[in-house]
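This report refers to the structure that appears directly beneath it.
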Amino acid sequence: MRVLMLTWEYPPHQVGGLGRHVAGLSQALGEQGQEVHVLTRGEEGEVRDGRVWVHRVQPYTLNSLDFPTWVLQMNVALLERAMTTGERYGPFHLLHAHDWLVAFTARALKHAWRLPLVATIHATEAGRNQGLYNDLQRYISGVEWWLTYEAWRVIVCSRHMRREVQQLFQLPEDKVKIIPNAVNEEAPPPIEPWFRERYAHPSEKIVFFVGRLVREKGAQVLLEAAPMVLATCPEAKFVIAGEGPLKQSLAEQAAALGLGPKVYLTGYIDDATLLKLYRCAAVSVFPSLYEPFGIVALEAMAAGTPVVVSDTGGLGEIVRHAETGLKALPGNAFSLANQITYLLQHQERAREMAQRARETVRRLYNWPNMASLTLQVYQEVRRAYRQSAWGSKRQGRATAAARAPYDLAGRRMAVLGARYTATGRQGGP
């Protein structure tokens, strides 16, 4: 099957977990014999990334009035590239769009090429903001609804997200499929002797957070919990990795709480550094207020790091309390501090939970499994599409186009035969 993936981020251009998801899924589908093309933004060009064709387009460099205008400009650029990609590699059998930022391109290609569309909703605007409070949020939510309306099937990553999209967008139950996120099992990189000392003193235990520095990821709750953790475990050191609009306010919060050198805001870190920090951490903490899934928690579990997560969304589904990690009440700094402190004080129990978590990730949350489930959705959609009037008409046009040269040759032979008959040369030239 030849699939065109549409996404606004793909490694190395990443904003959150969406890019990692698309890369992992695309590569796994390629390894299972599917031809996957990813259309995304980035430096102009076309490359082969493993088993996947990646087509990057630079969004227009015109000044944008606002973010929605920039998104529309990006979609026009994506659509232009899709036309040439379709001419060169098509016809495609199916379109797969990831989140609202590519909805305009997805809808246009669906109707221009008369192809079935699958959409993955990674998060919703209403969920991120715990409601819709201004025109921009309502606009984005409207585009999300429109994408789910246009899609033949909608994929989400957790039971929580299925309930959310069904409630928000009034989707029928059989239109929504749950396929969890996954992680690749990677060989741990070697850790240089000096590496850990960049982040903490040898006597300190690293409490590690990684994520976008936005309200819903809950880094501010972790800082609120930090004084309570330090009161019991003064050896703790809080390392917070990531970028985002809350970075300055988090630094101010840490200063106001008198945390001083006990907090290190690293900024952006690359994947190699991330894997090393997972291995150096005594505990990784993901205190999200809203989390459709939480792929970074899976990464920490796969690395064998004990985890504390908020009991919300997908995080609450992938972690079994006191078996593969600990759960805290969302937004409750006291609950969060208690769970962190327990793991710091009971290192043997922490290691046992981390080991079970690692085995769970290996067994269940791997990309070959998720690619197989996704392929089942594709095949289901293709069968329904071929049986629909829309698919039948497209098949008819495709068959007619394929037969056209032979029909032309047949007409030419008929004309020649008539000429031979007219001249009395029925037996041959």
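FYI, nothing fancy with the structure tokens labels: chains A, B, ... in order, residues from 1 per chain, ligands from 1 as they appear.
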> Near A:Glu164, within 9 Å and counting only C-alpha atoms, which residues show up once chain neighbours fewer than 5 positions away are dropped, as a list in words?
Replying inline: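 So, after excluding close chain neighbours, the residues are Thr124, Gly127, Arg159 and Phe169 of chain A.
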Could you save the residues just selected, with C-alpha atoms, as a PDB file, in the first residue's frame?
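This is the output file selection_6.pdb:
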ATOM      1  CA  THR A 124      -7.419  18.622  21.289  1.00  0.00           C
ATOM      2  CA  GLY A 127      -8.260  19.424  26.288  1.00  0.00           C
ATOM      3  CA  ARG A 159      -9.276   5.374  26.005  1.00  0.00           C
ATOM      4  CA  PHE A 169     -16.900  16.167  18.029  1.00  0.00           C
TER       5      PHE A 169
END
Could I get the residues of stretch 108-217 of chain A with an atom no further than 10 Å from an atom of stretch 284-305 of chain A, each paired with its nearest atom pair and that distance in Å to one decimal, using only C-alpha atoms, sorted by chain and residue number, as a tab-separated table?
residue	atom	partner	partner_atom	distance
A:Ile121	CA	A:Pro292	CA	9.5
A:His122	CA	A:Pro292	CA	6.8
A:Ala123	CA	A:Pro292	CA	6.0
A:Thr124	CA	A:Pro292	CA	8.7
A:Gly127	CA	A:Tyr290	CA	6.7
A:Arg128	CA	A:Tyr290	CA	6.2
A:Asn129	CA	A:Tyr290	CA	8.5
A:Gln130	CA	A:Tyr290	CA	8.1
A:Val156	CA	A:Pro292	CA	8.5
A:Cys157	CA	A:Phe293	CA	6.2
A:Ser158	CA	A:Phe293	CA	6.4
A:Arg159	CA	A:Pro292	CA	9.0
A:His160	CA	A:Pro292	CA	6.9
A:Met161	CA	A:Pro292	CA	5.9
A:Arg162	CA	A:Pro292	CA	9.6
A:Glu164	CA	A:Pro292	CA	9.3
A:Pro180	CA	A:Phe293	CA	7.6
A:Asn181	CA	A:Ile295	CA	6.5
A:Ala182	CA	A:Ile295	CA	7.1
A:Val183	CA	A:Glu299	CA	6.4
A:Asn184	CA	A:Glu299	CA	8.4
A:Glu185	CA	A:Ala302	CA	7.0
A:Glu186	CA	A:Ala303	CA	8.6
A:Ala187	CA	A:Ala303	CA	9.4
A:Pro188	CA	A:Ala303	CA	7.8
A:Ile206	CA	A:Ser284	CA	8.4
A:Val207	CA	A:Ser284	CA	5.9
A:Phe208	CA	A:Ser284	CA	4.6
A:Phe209	CA	A:Val285	CA	5.4
A:Val210	CA	A:Val296	CA	7.4
A:Gly211	CA	A:Val296	CA	7.6
A:Val214	CA	A:Ser288	CA	9.7
A:Arg215	CA	A:Leu289	CA	7.8
A:Glu216	CA	A:Leu289	CA	4.9
A:Lys217	CA	A:Ser288	CA	4.1
Write the residues of the preceding selection, restricted to N, CA and C atoms, as a short mmCIF file (atom, residue, chain, number, x, y, z; two decimals), in the first residue's frame.
data_model
loop_
_atom_site.label_atom_id
_atom_site.label_comp_id
_atom_site.auth_asym_id
_atom_site.auth_seq_id
_atom_site.Cartn_x
_atom_site.Cartn_y
_atom_site.Cartn_z
N ILE A 121 -5.71 12.10 15.85
CA ILE A 121 -5.83 13.27 16.71
C ILE A 121 -4.96 13.02 17.94
N HIS A 122 -3.88 13.76 18.05
CA HIS A 122 -2.92 13.55 19.13
C HIS A 122 -3.32 14.30 20.40
N ALA A 123 -4.05 15.39 20.25
CA ALA A 123 -4.55 16.17 21.39
C ALA A 123 -5.61 17.10 20.85
N THR A 124 -6.41 17.67 21.72
CA THR A 124 -7.42 18.62 21.29
C THR A 124 -7.18 19.98 21.94
N GLY A 127 -8.95 20.16 25.25
CA GLY A 127 -8.26 19.42 26.29
C GLY A 127 -7.03 20.16 26.79
N ARG A 128 -6.25 20.71 25.86
CA ARG A 128 -5.03 21.42 26.26
C ARG A 128 -5.34 22.60 27.18
N ASN A 129 -6.45 23.28 26.92
CA ASN A 129 -6.77 24.49 27.66
C ASN A 129 -7.87 24.27 28.70
N GLN A 130 -8.30 23.02 28.84
CA GLN A 130 -9.40 22.68 29.75
C GLN A 130 -10.62 23.56 29.49
N VAL A 156 -6.89 7.48 17.80
CA VAL A 156 -6.45 8.16 19.02
C VAL A 156 -5.56 7.20 19.80
N CYS A 157 -4.86 7.73 20.80
CA CYS A 157 -3.82 6.94 21.46
C CYS A 157 -4.23 6.34 22.80
N SER A 158 -5.43 6.63 23.27
CA SER A 158 -5.82 6.13 24.59
C SER A 158 -7.34 6.11 24.72
N ARG A 159 -7.84 5.39 25.73
CA ARG A 159 -9.28 5.37 26.00
C ARG A 159 -9.75 6.77 26.40
N HIS A 160 -8.90 7.46 27.14
CA HIS A 160 -9.23 8.84 27.52
C HIS A 160 -9.47 9.71 26.29
N MET A 161 -8.60 9.59 25.29
CA MET A 161 -8.76 10.40 24.08
C MET A 161 -9.97 9.99 23.27
N ARG A 162 -10.30 8.71 23.28
CA ARG A 162 -11.52 8.29 22.56
C ARG A 162 -12.75 8.96 23.18
N GLU A 164 -12.78 11.70 24.81
CA GLU A 164 -12.69 13.14 24.57
C GLU A 164 -13.16 13.52 23.18
N PRO A 180 -2.26 2.81 20.70
CA PRO A 180 -1.34 3.55 21.60
C PRO A 180 -0.07 4.00 20.89
N ASN A 181 0.63 4.89 21.54
CA ASN A 181 1.97 5.27 21.10
C ASN A 181 2.96 4.16 21.42
N ALA A 182 4.16 4.31 20.96
CA ALA A 182 5.19 3.30 21.18
C ALA A 182 6.55 3.99 21.19
N VAL A 183 7.57 3.23 21.50
CA VAL A 183 8.94 3.74 21.45
C VAL A 183 9.83 2.68 20.81
N ASN A 184 10.89 3.12 20.22
CA ASN A 184 11.89 2.19 19.70
C ASN A 184 12.85 1.80 20.82
N GLU A 185 13.18 0.54 20.88
CA GLU A 185 14.17 0.10 21.86
C GLU A 185 15.55 0.40 21.30
N GLU A 186 16.25 1.33 21.93
CA GLU A 186 17.54 1.78 21.44
C GLU A 186 18.66 1.33 22.38
N ALA A 187 19.79 1.04 21.79
CA ALA A 187 20.96 0.70 22.61
C ALA A 187 21.36 1.93 23.42
N PRO A 188 21.52 1.78 24.73
CA PRO A 188 21.87 2.95 25.55
C PRO A 188 23.23 3.50 25.15
N ILE A 206 19.16 12.71 40.93
CA ILE A 206 18.50 13.53 39.92
C ILE A 206 17.01 13.16 39.83
N VAL A 207 16.17 14.18 39.98
CA VAL A 207 14.73 14.07 39.71
C VAL A 207 14.52 14.77 38.37
N PHE A 208 14.16 14.02 37.35
CA PHE A 208 14.24 14.51 35.97
C PHE A 208 12.85 14.74 35.38
N PHE A 209 12.70 15.88 34.73
CA PHE A 209 11.49 16.22 33.96
C PHE A 209 11.93 16.61 32.56
N VAL A 210 11.20 16.14 31.53
CA VAL A 210 11.43 16.59 30.16
C VAL A 210 10.09 16.79 29.49
N GLY A 211 9.96 17.87 28.76
CA GLY A 211 8.71 18.17 28.06
C GLY A 211 8.67 19.62 27.65
N VAL A 214 5.01 24.22 29.00
CA VAL A 214 3.68 24.83 28.90
C VAL A 214 2.87 24.36 30.10
N ARG A 215 1.82 25.06 30.39
CA ARG A 215 1.08 24.81 31.63
C ARG A 215 0.62 23.36 31.75
N GLU A 216 0.10 22.77 30.64
CA GLU A 216 -0.50 21.45 30.77
C GLU A 216 0.50 20.35 31.09
N LYS A 217 1.82 20.61 30.90
CA LYS A 217 2.82 19.59 31.21
C LYS A 217 3.19 19.56 32.69
#
>> If we count only C-alpha atoms and set the cut-off at 12 Å, which residues sit around A:Tyr89, ignoring sequence neighbours fewer than 3 positions away in its own chain? Please answer as a list in words.
In response: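 Near neighbours after the sequence-gap exclusion: Arg2, Val3, Leu4, Glu35, Val36, His37, Trp53, His55, Arg81, Ala82, Met83, Thr84, Thr85, Gly86, Phe92 and His93 of chain A.
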>> Considering only alpha helix (DSSP H) as DSSP defines it on the backbone, what residues of stretch 285-389 of chain A qualify? List them as a VMD selection string.
In response: chain A and resid 295 to 302 315 to 318 333 to 345 347 to 364 367 to 387 389
Filtering to C-alpha atoms, could you give me those residues as a JSON list (two decimals), in the first residue's frame?
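Below is the file result_21.json, written as the result:
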[["chain", "number", "residue", "atom", "x", "y", "z"],
["A", 295, "ILE", "CA", 5.35, 9.26, 25.01],
["A", 296, "VAL", "CA", 8.19, 10.63, 27.16],
["A", 297, "ALA", "CA", 6.97, 8.47, 30.04],
["A", 298, "LEU", "CA", 7.26, 5.43, 27.76],
["A", 299, "GLU", "CA", 10.80, 6.50, 26.86],
["A", 300, "ALA", "CA", 11.75, 6.72, 30.53],
["A", 301, "MET", "CA", 10.19, 3.32, 31.24],
["A", 302, "ALA", "CA", 12.00, 1.80, 28.26],
["A", 315, "LEU", "CA", -0.45, 8.43, 31.62],
["A", 316, "GLY", "CA", -2.96, 6.90, 34.00],
["A", 317, "GLU", "CA", -3.54, 4.04, 31.55],
["A", 318, "ILE", "CA", 0.05, 3.01, 30.80],
["A", 333, "ALA", "CA", 2.00, 19.13, 44.68],
["A", 334, "PHE", "CA", 1.65, 17.34, 48.03],
["A", 335, "SER", "CA", 0.66, 14.06, 46.34],
["A", 336, "LEU", "CA", 3.46, 14.46, 43.80],
["A", 337, "ALA", "CA", 6.06, 15.09, 46.53],
["A", 338, "ASN", "CA", 4.96, 11.98, 48.42],
["A", 339, "GLN", "CA", 5.43, 9.73, 45.37],
["A", 340, "ILE", "CA", 8.83, 11.19, 44.47],
["A", 341, "THR", "CA", 10.03, 10.91, 48.05],
["A", 342, "TYR", "CA", 8.96, 7.27, 48.27],
["A", 343, "LEU", "CA", 11.01, 6.29, 45.22],
["A", 344, "LEU", "CA", 14.04, 8.23, 46.43],
["A", 345, "GLN", "CA", 13.88, 6.54, 49.83],
["A", 347, "GLN", "CA", 15.55, 2.42, 45.81],
["A", 348, "GLU", "CA", 15.11, -1.37, 45.71],
["A", 349, "ARG", "CA", 11.34, -1.03, 45.20],
["A", 350, "ALA", "CA", 11.99, 1.66, 42.61],
["A", 351, "ARG", "CA", 14.28, -0.70, 40.68],
["A", 352, "GLU", "CA", 11.68, -3.49, 40.80],
["A", 353, "MET", "CA", 8.99, -1.20, 39.37],
["A", 354, "ALA", "CA", 11.37, 0.11, 36.72],
["A", 355, "GLN", "CA", 12.22, -3.43, 35.61],
["A", 356, "ARG", "CA", 8.55, -4.41, 35.28],
["A", 357, "ALA", "CA", 7.87, -1.20, 33.39],
["A", 358, "ARG", "CA", 10.70, -1.90, 30.97],
["A", 359, "GLU", "CA", 9.39, -5.40, 30.27],
["A", 360, "THR", "CA", 5.87, -4.02, 29.71],
["A", 361, "VAL", "CA", 7.11, -1.49, 27.17],
["A", 362, "ARG", "CA", 9.12, -4.10, 25.30],
["A", 363, "ARG", "CA", 6.16, -6.47, 25.13],
["A", 364, "LEU", "CA", 3.32, -4.07, 24.36],
["A", 367, "TRP", "CA", 6.28, 0.17, 16.87],
["A", 368, "PRO", "CA", 5.93, -3.15, 14.99],
["A", 369, "ASN", "CA", 2.81, -3.87, 17.07],
["A", 370, "MET", "CA", 1.37, -0.41, 16.49],
["A", 371, "ALA", "CA", 2.18, -0.49, 12.76],
["A", 372, "SER", "CA", 0.31, -3.80, 12.43],
["A", 373, "LEU", "CA", -2.74, -2.29, 14.14],
["A", 374, "THR", "CA", -2.53, 0.80, 11.93],
["A", 375, "LEU", "CA", -2.26, -1.34, 8.80],
["A", 376, "GLN", "CA", -5.42, -3.17, 9.87],
["A", 377, "VAL", "CA", -7.22, 0.19, 9.98],
["A", 378, "TYR", "CA", -5.86, 1.07, 6.53],
["A", 379, "GLN", "CA", -7.05, -2.25, 5.09],
["A", 380, "GLU", "CA", -10.46, -1.88, 6.69],
["A", 381, "VAL", "CA", -10.81, 1.61, 5.23],
["A", 382, "ARG", "CA", -9.64, 0.48, 1.78],
["A", 383, "ARG", "CA", -12.20, -2.36, 1.71],
["A", 384, "ALA", "CA", -15.02, -0.02, 2.66],
["A", 385, "TYR", "CA", -13.77, 2.57, 0.18],
["A", 386, "ARG", "CA", -13.72, 0.11, -2.73],
["A", 387, "GLN", "CA", -17.30, -0.89, -1.94],
["A", 389, "ALA", "CA", -19.84, 4.66, -4.79]]
> Which one is closest to A:Leu277: A:Lys205, A:Gly314, A:Val309, A:Thr324? Count only C-alpha atoms.
Replying inline: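 Between A:Lys205, A:Gly314, A:Val309, A:Thr324, the residue approaching A:Leu277 most closely is A:Lys205.
Remark: for A:Asp174, the closest of the candidate residues A:Ala219, A:Ala108, A:Ile155, A:Ile191 is A:Ile155 (distances computed over only C-alpha atoms).
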> Please, what distance in Å, to one decimal, runs between atom CA of A:Met1 and atom CA of A:Gly33?
Replying inline: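 Pair atom CA of A:Met1 / atom CA of A:Gly33 returns 8.1 Å.
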> Got a sec to tell me which of stretch 217-346 of chain A DSSP assigns to strand (DSSP E), as a ChimeraX atom specification?
Replying inline: /A:236-241,263-267,283-286,307-310,326-328
Please produce an output containing N, CA and C atoms for each residue in the selection, written as a short mmCIF file (atom, residue, chain, number, x, y, z; two decimals), in the first residue's frame.
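Final output, saved to selection-v8.cif:
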data_model
loop_
_atom_site.label_atom_id
_atom_site.label_comp_id
_atom_site.auth_asym_id
_atom_site.auth_seq_id
_atom_site.Cartn_x
_atom_site.Cartn_y
_atom_site.Cartn_z
N ALA A 236 18.18 15.48 46.77
CA ALA A 236 17.50 15.57 45.48
C ALA A 236 18.00 16.77 44.67
N LYS A 237 18.05 16.60 43.34
CA LYS A 237 18.40 17.71 42.43
C LYS A 237 17.41 17.65 41.27
N PHE A 238 16.72 18.74 40.99
CA PHE A 238 15.66 18.78 39.99
C PHE A 238 16.22 19.29 38.66
N VAL A 239 16.22 18.44 37.68
CA VAL A 239 16.70 18.79 36.35
C VAL A 239 15.49 18.85 35.42
N ILE A 240 15.23 20.03 34.86
CA ILE A 240 14.06 20.27 34.02
C ILE A 240 14.53 20.60 32.62
N ALA A 241 14.23 19.72 31.66
CA ALA A 241 14.68 19.88 30.28
C ALA A 241 13.52 20.25 29.37
N VAL A 263 17.74 23.43 41.41
CA VAL A 263 16.97 23.34 40.17
C VAL A 263 17.86 23.76 39.01
N TYR A 264 17.85 22.94 37.95
CA TYR A 264 18.63 23.27 36.75
C TYR A 264 17.69 23.20 35.55
N LEU A 265 17.45 24.36 34.93
CA LEU A 265 16.66 24.42 33.70
C LEU A 265 17.62 24.31 32.53
N THR A 266 17.62 23.17 31.84
CA THR A 266 18.64 22.90 30.83
C THR A 266 18.35 23.54 29.49
N GLY A 267 17.07 23.85 29.21
CA GLY A 267 16.71 24.22 27.85
C GLY A 267 16.60 22.99 26.98
N VAL A 283 14.75 9.20 39.41
CA VAL A 283 13.32 9.12 39.10
C VAL A 283 13.01 10.14 38.01
N SER A 284 12.14 9.76 37.08
CA SER A 284 11.63 10.70 36.08
C SER A 284 10.18 11.03 36.43
N VAL A 285 9.84 12.30 36.33
CA VAL A 285 8.53 12.77 36.79
C VAL A 285 7.79 13.45 35.63
N PHE A 286 6.52 13.05 35.45
CA PHE A 286 5.69 13.63 34.40
C PHE A 286 4.36 14.06 35.02
N VAL A 307 9.45 5.85 37.43
CA VAL A 307 8.65 7.00 37.00
C VAL A 307 7.56 7.32 38.00
N VAL A 308 7.25 8.62 38.08
CA VAL A 308 6.07 9.13 38.77
C VAL A 308 5.29 9.92 37.73
N VAL A 309 3.99 9.64 37.60
CA VAL A 309 3.16 10.33 36.61
C VAL A 309 1.89 10.82 37.27
N SER A 310 1.27 11.81 36.64
CA SER A 310 -0.07 12.21 37.06
C SER A 310 -1.07 11.16 36.63
N LEU A 326 4.59 4.99 39.96
CA LEU A 326 3.67 5.57 40.94
C LEU A 326 2.86 6.68 40.28
N LYS A 327 1.61 6.84 40.77
CA LYS A 327 0.73 7.88 40.25
C LYS A 327 0.45 8.91 41.33
N ALA A 328 0.38 10.16 40.90
CA ALA A 328 0.03 11.26 41.80
C ALA A 328 -1.25 11.91 41.33
#
>> Neighbouring residues of stretch 255-261 of chain A were defined as those with any atom within 12 Å, considering only C-alpha atoms; residues of the same chain fewer than 4 positions away were excluded. Please report them as a list in words.
In response: Tyr199, Ala200, His201, Glu204, Gln220, Leu222, Leu223, Glu224, Ala225, Ala226, Pro227, Met228, Val229, Leu230, Ala231, Pro234, Glu235, Ala236, Lys237, Phe238, Val239, Gln248, Ser249, Leu250, Ala251 and Leu265 of chain A
> When distances are computed from only C-alpha atoms, which of A:Leu29, A:Ala97, A:Val154, A:Leu168 shows the smallest separation from A:Leu132?
Replying inline: A:Leu168
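If you measure from each of A:Val221, A:Pro91, A:Glu150, A:Gly30 to A:His111 using only C-alpha atoms, the closest one turns out to be A:Glu150.
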